[in-house]
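Here is upload01.txt, consisting of compact mmCIF, C-alpha atoms:
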# COMPACT_ATOMS: atom_id res chain seq x y z
CA MET R 1 117.34 304.42 -27.69
CA LEU R 2 113.90 303.16 -26.85
CA LEU R 3 113.02 301.47 -30.10
CA ALA R 4 109.36 300.86 -30.73
CA ALA R 5 110.19 297.52 -32.30
CA LEU R 6 111.53 296.31 -28.97
CA LEU R 7 108.35 297.31 -27.20
CA VAL R 8 105.77 295.65 -29.45
CA PRO R 9 105.01 291.97 -28.78
CA PRO R 10 105.82 289.46 -31.54
CA ALA R 11 103.53 289.26 -34.54
CA GLY R 12 100.59 286.97 -34.04
CA THR R 13 100.19 287.79 -30.37
CA ALA R 14 96.49 287.83 -29.58
CA PHE R 15 94.90 290.81 -27.86
CA ALA R 16 91.48 289.93 -26.59
CA ASP R 17 91.15 293.52 -25.40
CA ALA R 18 92.10 295.13 -28.72
CA PRO R 19 89.55 297.76 -29.78
CA GLU R 20 87.80 297.99 -33.09
CA PRO R 21 89.57 299.94 -35.88
CA GLY R 22 89.03 303.67 -35.47
CA ALA R 23 88.38 303.37 -31.74
CA PHE R 24 91.61 305.22 -30.90
CA ALA R 25 90.57 308.65 -32.13
CA ASP R 26 89.11 310.41 -29.13
CA ALA R 27 90.90 312.67 -26.66
CA PRO R 28 89.80 312.78 -23.02
CA ALA R 29 86.38 314.31 -22.61
CA ALA R 30 86.29 317.86 -21.29
CA GLY R 31 86.28 317.88 -17.53
CA ASP R 32 87.44 314.26 -17.32
CA ALA R 33 89.98 314.92 -14.57
CA LEU R 34 92.96 312.61 -14.22
CA VAL R 35 93.05 310.41 -11.14
CA PRO R 36 95.50 307.75 -9.88
CA GLY R 37 94.83 304.58 -11.86
CA VAL R 38 95.34 302.21 -8.93
CA VAL R 39 92.93 302.15 -6.01
CA GLY R 40 94.64 303.26 -2.81
CA ALA R 41 97.74 304.60 -4.57
CA GLY R 42 98.89 308.10 -5.32
CA ARG R 43 97.71 309.73 -2.12
CA ALA R 44 97.48 313.50 -2.27
CA GLU R 45 100.32 315.73 -1.18
CA TYR R 46 100.41 316.90 2.39
CA PRO R 47 98.27 318.90 2.75
CA MET R 48 98.28 320.83 -0.55
CA ASP R 49 100.54 322.00 -3.35
CA THR R 50 103.73 323.94 -2.76
CA PRO R 51 103.34 327.24 -0.85
CA ASP R 52 105.39 329.62 -3.00
CA GLN R 53 105.45 333.43 -2.90
CA VAL R 54 107.33 336.18 -4.74
CA LEU R 55 108.63 337.55 -1.46
CA PRO R 56 111.30 335.72 0.54
CA PRO R 57 109.94 333.34 3.19
CA LEU R 58 109.55 334.42 6.77
CA GLN R 59 112.30 333.36 9.12
CA PRO R 60 110.75 330.90 11.59
CA GLU R 61 110.72 331.89 15.24
CA GLY R 62 110.89 328.33 16.43
CA ASP R 63 111.42 324.89 15.01
CA VAL R 64 108.38 323.00 13.78
CA PRO R 65 108.92 319.26 13.36
CA VAL R 66 108.76 318.29 9.69
CA PRO R 67 107.68 314.67 9.28
CA GLU R 68 109.52 312.10 7.22
CA PRO R 69 107.44 310.10 4.77
CA ARG R 70 105.32 307.51 6.52
CA GLU R 71 106.15 305.12 3.72
CA GLU R 72 108.02 304.98 0.45
CA VAL R 73 105.77 306.47 -2.20
CA ASP R 74 105.24 304.52 -5.39
CA GLU R 75 105.77 307.33 -7.88
CA LEU R 76 105.02 305.10 -10.84
CA VAL R 77 101.23 305.08 -10.54
CA GLU R 78 99.81 306.66 -13.69
CA TYR R 79 97.06 309.25 -13.68
CA LEU R 80 94.12 308.31 -15.90
CA PRO R 81 90.78 309.77 -16.94
CA ARG R 82 88.03 308.08 -14.96
CA SER R 83 86.60 306.88 -18.26
CA VAL R 84 89.56 304.53 -18.83
CA LEU R 85 89.93 303.16 -15.31
CA GLY R 86 90.10 299.40 -15.55
CA ALA R 87 90.77 299.38 -19.31
CA ALA R 88 93.23 296.69 -20.40
CA CYS R 89 94.41 298.84 -23.32
CA ALA R 90 93.33 302.48 -23.27
CA ALA R 91 91.82 303.79 -26.49
CA THR R 92 91.98 307.37 -25.23
CA THR R 93 94.65 309.79 -26.43
CA GLY R 94 96.89 310.63 -23.48
CA THR R 95 97.65 314.08 -22.13
CA TYR R 96 101.30 313.57 -23.08
CA GLN R 97 100.66 311.56 -26.23
CA ARG R 98 103.07 313.41 -28.55
CA GLN R 99 105.89 313.46 -26.02
CA VAL R 100 105.59 309.74 -25.31
CA GLU R 101 105.32 308.89 -29.01
CA ARG R 102 108.53 310.83 -29.68
CA LEU R 103 110.44 309.24 -26.81
CA LEU R 104 109.35 305.72 -27.74
CA GLU R 105 110.05 306.37 -31.44
CA LEU R 106 106.46 305.84 -32.48
CA PRO R 107 104.79 307.79 -35.31
CA VAL R 108 104.30 311.24 -33.78
CA ASP R 109 100.76 312.34 -34.59
CA GLY R 110 99.36 312.98 -31.13
CA ARG R 111 96.56 310.45 -31.55
CA GLN R 112 96.34 307.08 -29.85
CA SER R 113 96.30 304.04 -32.11
CA ALA R 114 96.13 300.34 -31.34
CA ALA R 115 99.86 300.06 -32.13
CA ASP R 116 100.62 303.02 -29.85
CA CYS R 117 98.67 301.42 -27.03
CA ARG R 118 100.56 298.13 -27.33
CA ALA R 119 103.96 299.87 -27.39
CA ILE R 120 103.17 302.21 -24.50
CA ARG R 121 101.68 299.37 -22.49
CA ALA R 122 104.83 297.29 -23.02
CA PHE R 123 106.99 300.22 -21.88
CA GLN R 124 104.85 300.68 -18.78
CA ALA R 125 105.08 296.99 -17.93
CA LYS R 126 108.87 297.07 -18.33
CA GLU R 127 109.18 300.15 -16.09
CA LYS R 128 106.64 298.86 -13.55
CA ILE R 129 104.22 301.71 -14.16
CA LYS R 130 100.75 300.87 -12.84
CA PRO R 131 98.40 300.24 -14.46
CA ALA R 132 100.13 299.18 -17.68
CA ASN R 133 97.23 300.00 -19.96
CA GLY R 134 98.84 302.16 -22.66
CA TYR R 135 97.58 305.58 -21.53
CA ALA R 136 100.25 308.26 -22.13
CA GLY R 137 99.88 310.23 -18.92
CA PRO R 138 102.27 312.36 -16.83
CA VAL R 139 104.00 309.46 -15.06
CA THR R 140 104.73 307.57 -18.28
CA TRP R 141 106.08 310.74 -19.90
CA ALA R 142 108.24 311.62 -16.87
CA ARG R 143 109.78 308.15 -16.77
CA ALA R 144 110.49 308.15 -20.52
CA GLU R 145 112.12 311.61 -20.31
CA LEU R 146 114.31 310.52 -17.41
CA LEU R 147 115.53 307.40 -19.23
CA ALA R 148 116.27 309.43 -22.37
CA ALA R 149 118.22 312.01 -20.32
CA ARG R 150 120.34 309.30 -18.74
CA ARG R 151 121.55 308.48 -22.25
CA ASN R 152 121.81 312.07 -23.53
CA LEU R 153 121.71 314.51 -20.63
CA ASP R 154 121.71 317.91 -22.34
CA PRO R 155 121.35 317.48 -26.11
CA GLY R 156 120.80 321.20 -26.71
CA ARG R 157 123.68 322.21 -24.39
CA ARG R 158 121.29 324.56 -22.65
CA CYS R 159 123.00 324.52 -19.25
CA PRO R 160 126.25 326.56 -19.22
CA ALA R 161 129.43 324.90 -18.00
CA ARG R 162 131.20 326.88 -15.29
CA LYS R 163 134.10 326.25 -12.95
CA TYR R 164 131.65 326.48 -10.06
CA ALA R 165 128.60 324.33 -9.31
CA VAL R 166 125.47 325.03 -11.37
CA ALA R 167 122.07 323.50 -10.65
CA CYS R 168 120.57 322.95 -14.10
CA VAL R 169 116.75 323.00 -14.31
CA ASP R 170 115.14 322.03 -17.62
CA LEU R 171 111.47 323.00 -17.47
CA ASP R 172 110.78 321.63 -20.97
CA ARG R 173 111.61 318.10 -19.84
CA GLN R 174 110.87 318.60 -16.11
CA LEU R 175 114.36 317.47 -15.14
CA MET R 176 117.27 318.81 -13.10
CA TRP R 177 120.88 317.95 -12.32
CA VAL R 178 123.97 319.66 -10.90
CA LYS R 179 127.31 319.96 -12.61
CA LYS R 180 130.67 321.58 -12.00
CA GLY R 181 132.49 322.17 -15.25
CA LYS R 182 131.66 319.08 -17.27
CA LYS R 183 131.37 316.79 -14.25
CA VAL R 184 127.86 315.89 -13.08
CA THR R 185 127.78 316.02 -9.27
CA PHE R 186 124.06 315.31 -8.84
CA GLU R 187 122.43 312.85 -11.22
CA VAL R 188 119.51 313.86 -13.38
CA VAL R 189 116.13 313.49 -11.65
CA ASN R 190 112.49 314.24 -12.37
CA ILE R 191 111.11 317.49 -10.95
CA ARG R 192 107.83 319.36 -10.90
CA SER R 193 107.86 323.09 -11.64
CA GLY R 194 105.27 325.86 -11.56
CA ARG R 195 101.87 325.49 -13.15
CA ALA R 196 100.22 328.10 -15.39
CA GLY R 197 100.00 331.38 -13.51
CA TYR R 198 102.74 330.31 -11.07
CA ALA R 199 105.65 329.77 -13.45
CA THR R 200 109.07 328.96 -12.07
CA ARG R 201 111.25 331.95 -12.89
CA THR R 202 113.85 331.27 -15.57
CA GLY R 203 117.42 332.59 -15.91
CA TRP R 204 120.24 332.81 -13.39
CA HIS R 205 119.62 332.63 -9.64
CA SER R 206 121.62 331.86 -6.50
CA VAL R 207 120.78 329.74 -3.48
CA TYR R 208 120.40 332.48 -0.86
CA TRP R 209 118.83 330.63 2.09
CA ARG R 210 118.58 327.00 3.12
CA HIS R 211 116.31 325.56 5.80
CA LYS R 212 116.35 321.81 6.22
CA ASP R 213 113.11 321.54 8.21
CA HIS R 214 111.25 324.45 6.67
CA TRP R 215 107.60 324.96 7.51
CA SER R 216 105.47 327.50 5.67
CA SER R 217 103.67 329.70 8.19
CA ILE R 218 101.46 331.00 5.35
CA TYR R 219 100.03 327.66 4.29
CA GLU R 220 100.84 325.58 7.37
CA SER R 221 102.65 323.12 5.14
CA PRO R 222 106.04 321.38 5.38
CA MET R 223 108.78 322.09 2.82
CA PRO R 224 111.63 319.72 3.80
CA PHE R 225 115.15 320.44 2.51
CA ALA R 226 114.11 323.88 1.24
CA GLN R 227 116.81 325.72 -0.72
CA PHE R 228 115.49 329.13 -1.80
CA PHE R 229 116.84 330.67 -4.99
CA SER R 230 114.29 333.34 -6.05
CA GLY R 231 111.96 335.00 -3.56
CA GLY R 232 109.70 332.24 -2.25
CA GLN R 233 110.71 329.77 -4.97
CA ALA R 234 112.89 326.93 -3.76
CA PHE R 235 114.03 323.40 -4.32
CA HIS R 236 112.26 321.22 -1.78
CA SER R 237 110.70 317.80 -1.32
CA VAL R 238 107.04 316.90 -1.54
CA TYR R 239 105.06 314.06 -0.05
CA GLY R 240 103.19 311.83 -2.44
CA GLN R 241 103.16 311.86 -6.22
CA LEU R 242 105.67 314.02 -8.09
CA ALA R 243 104.59 313.55 -11.74
CA THR R 244 101.08 314.94 -11.36
CA PRO R 245 98.62 316.48 -13.83
CA THR R 246 99.31 319.98 -12.48
CA GLY R 247 102.50 321.75 -11.44
CA SER R 248 103.61 323.52 -8.27
CA ARG R 249 103.03 327.15 -7.36
CA GLY R 250 106.52 328.02 -8.56
CA CYS R 251 108.90 325.87 -6.54
CA VAL R 252 111.01 323.10 -8.03
CA ASN R 253 109.71 319.96 -6.33
CA LEU R 254 111.69 316.76 -5.90
CA SER R 255 110.89 313.44 -4.28
CA TYR R 256 111.76 313.31 -0.59
CA ARG R 257 114.92 311.20 -1.00
CA LYS R 258 116.21 313.16 -4.00
CA ALA R 259 115.68 316.47 -2.19
CA GLU R 260 117.54 315.04 0.79
CA LYS R 261 120.45 314.12 -1.47
CA LEU R 262 120.42 317.54 -3.18
CA TRP R 263 120.61 319.15 0.27
CA ASN R 264 124.05 317.57 0.67
CA VAL R 265 125.22 318.72 -2.79
CA LEU R 266 124.25 322.41 -2.96
CA ARG R 267 125.53 325.15 -0.67
CA LYS R 268 124.50 328.74 -0.01
CA GLY R 269 125.69 330.89 -2.91
CA ASP R 270 125.61 328.10 -5.50
CA ARG R 271 124.20 329.17 -8.84
CA VAL R 272 120.97 327.95 -10.42
CA TYR R 273 120.18 328.18 -14.13
CA ILE R 274 116.61 327.57 -15.31
CA TRP R 275 115.26 327.48 -18.86
CA GLY R 276 112.24 326.37 -20.84
CA LYS R 277 108.56 326.08 -19.95
CA ARG R 278 106.54 323.36 -18.28
CA PRO R 279 104.51 321.56 -20.99
CA ALA R 280 100.77 321.74 -20.69
CA GLY R 281 99.30 318.36 -19.91
If you took the structure in this file and wrote it as structure tokens, what would it be?
Amino acid sequence: MLLAALLVPPAGTAFADAPEPGAFADAPAAGDALVPGVVGAGRAEYPMDTPDQVLPPLQPEGDVPVPEPREEVDELVEYLPRSVLGAACAATTGTYQRQVERLLELPVDGRQSAADCRAIRAFQAKEKIKPANGYAGPVTWARAELLAARRNLDPGRRCPARKYAVACVDLDRQLMWVKKGKKVTFEVVNIRSGRAGYATRTGWHSVYWRHKDHWSSIYESPMPFAQFFSGGQAFHSVYGQLATPTGSRGCVNLSYRKAEKLWNVLRKGDRVYIWGKRPAG
């Protein structure tokens, strides 16, 4: 358990950056878009979000080289409102404030307080999330959900146990794993599912086509390690940040290395079970 008491510095610790009482009441201003909180980090995906369609993808006539990442992407760069860039301890209520409060066992009221900021900032520092300034954004929430799932994978027993392999996709927590019976064959990882208007389809599906070096001819965009399970919706890797303010256009996105590993776990015909709904950030 991530106990808040373990995250708050000892009593008497001075905070030169601590705000005045009552300064932690405001949510992000309307139109204050989230941006990577570290200069030069969190480069955009290549070249846009996932190209998903209801219809099955076109079979490629020839191979198009799909690039590997030019560098390892630091996925732990938090997205912040521009108004809090550079803040040592963010007074602004985060887009995932309630979720982070719950996961860190803080009072769940959905409003940033000085105590919340200190606890969240300590968690970010421990997990090497940059910048560690206490803002409860998508990266902080994704990391906290992943750590909680490693301790208690499926508390609601939402994913059915079968004798065959099942890829379990939890949209509520933005996580996925694969199991066969009770044995986990692919560890739980963070994912990104469909945004509003492009929801990832829930229920039972099957992997019907796999294309390791898939290239979308519609959007001229790479989809490495694509494993299609419902029309144009597929598991596949993305370049750049995974825990972003918005979701995909329906696909289940993974980091490049996790998608590569999943490619070697799933096979054509394997079942996929999806439930829940991507939280609004």
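Of the listed residues R:Ala119, R:Val108, R:Ala125, R:Leu103, the one whose atoms come nearest to Arg173 of chain R is R:Leu103, with distances taken using all atoms listed in the file.
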Quick one: residues within 9 Å of Ala196 of chain R, all atoms listed in the file, excluding same-chain residues fewer than 3 positions away - as a short mmCIF file (atom, residue, chain, number, x, y, z; two decimals) with C-alpha atoms, in the coordinates of the input?
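Result went into around.cif, see below:
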data_model
loop_
_atom_site.label_atom_id
_atom_site.label_comp_id
_atom_site.auth_asym_id
_atom_site.auth_seq_id
_atom_site.Cartn_x
_atom_site.Cartn_y
_atom_site.Cartn_z
CA ALA R 199 105.65 329.77 -13.45
CA THR R 246 99.31 319.98 -12.48
CA GLY R 247 102.50 321.75 -11.44
CA ARG R 249 103.03 327.15 -7.36
CA ARG R 278 106.54 323.36 -18.28
CA ALA R 280 100.77 321.74 -20.69
#
As a check of understanding: the span from atom CA of Arg111 of chain R to atom CA of Asp32 of chain R is 17.3 Å
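Between atom CA of Phe123 of chain R and atom CA of Glu78 of chain R there is a distance of 12.7 Å.
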Point-to-point distance in Å for atom CA of Val166 of chain R and atom CA of Trp215 of chain R: 26.0 Å
Quick one: residues within 8 Å of Ile120 of chain R, all atoms listed in the file, excluding same-chain residues fewer than 3 positions away - as a list in words? Leu7, Val100, Leu104, Asp116, Cys117, Phe123, Gln124, Asn133, Gly134, Tyr135 and Ala136 of chain R
Which residues are near Glu127 of chain R? Cut-off 9 Å, all atoms listed in the file, ignore same chain within fewer than 5 positions. Put them as number ranges by chain. R: 76, 122, 140, 143
Can those selected residues be exported to a file as a short mmCIF file (atom, residue, chain, number, x, y, z; two decimals), in the coordinates of the input so that it contains C-alpha atoms?
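Output saved as part19.cif:
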data_model
loop_
_atom_site.label_atom_id
_atom_site.label_comp_id
_atom_site.auth_asym_id
_atom_site.auth_seq_id
_atom_site.Cartn_x
_atom_site.Cartn_y
_atom_site.Cartn_z
CA LEU R 76 105.02 305.10 -10.84
CA ALA R 122 104.83 297.29 -23.02
CA THR R 140 104.73 307.57 -18.28
CA ARG R 143 109.78 308.15 -16.77
#
So that I can check the surroundings of segment 226-237 of chain R, please list as number ranges by chain every protein, DNA and RNA residue that reaches within 7 Å of it, counting only C-alpha atoms and ignoring chain neighbours fewer than 6 positions away. R: 52-57, 205-212, 214, 250-256, 259
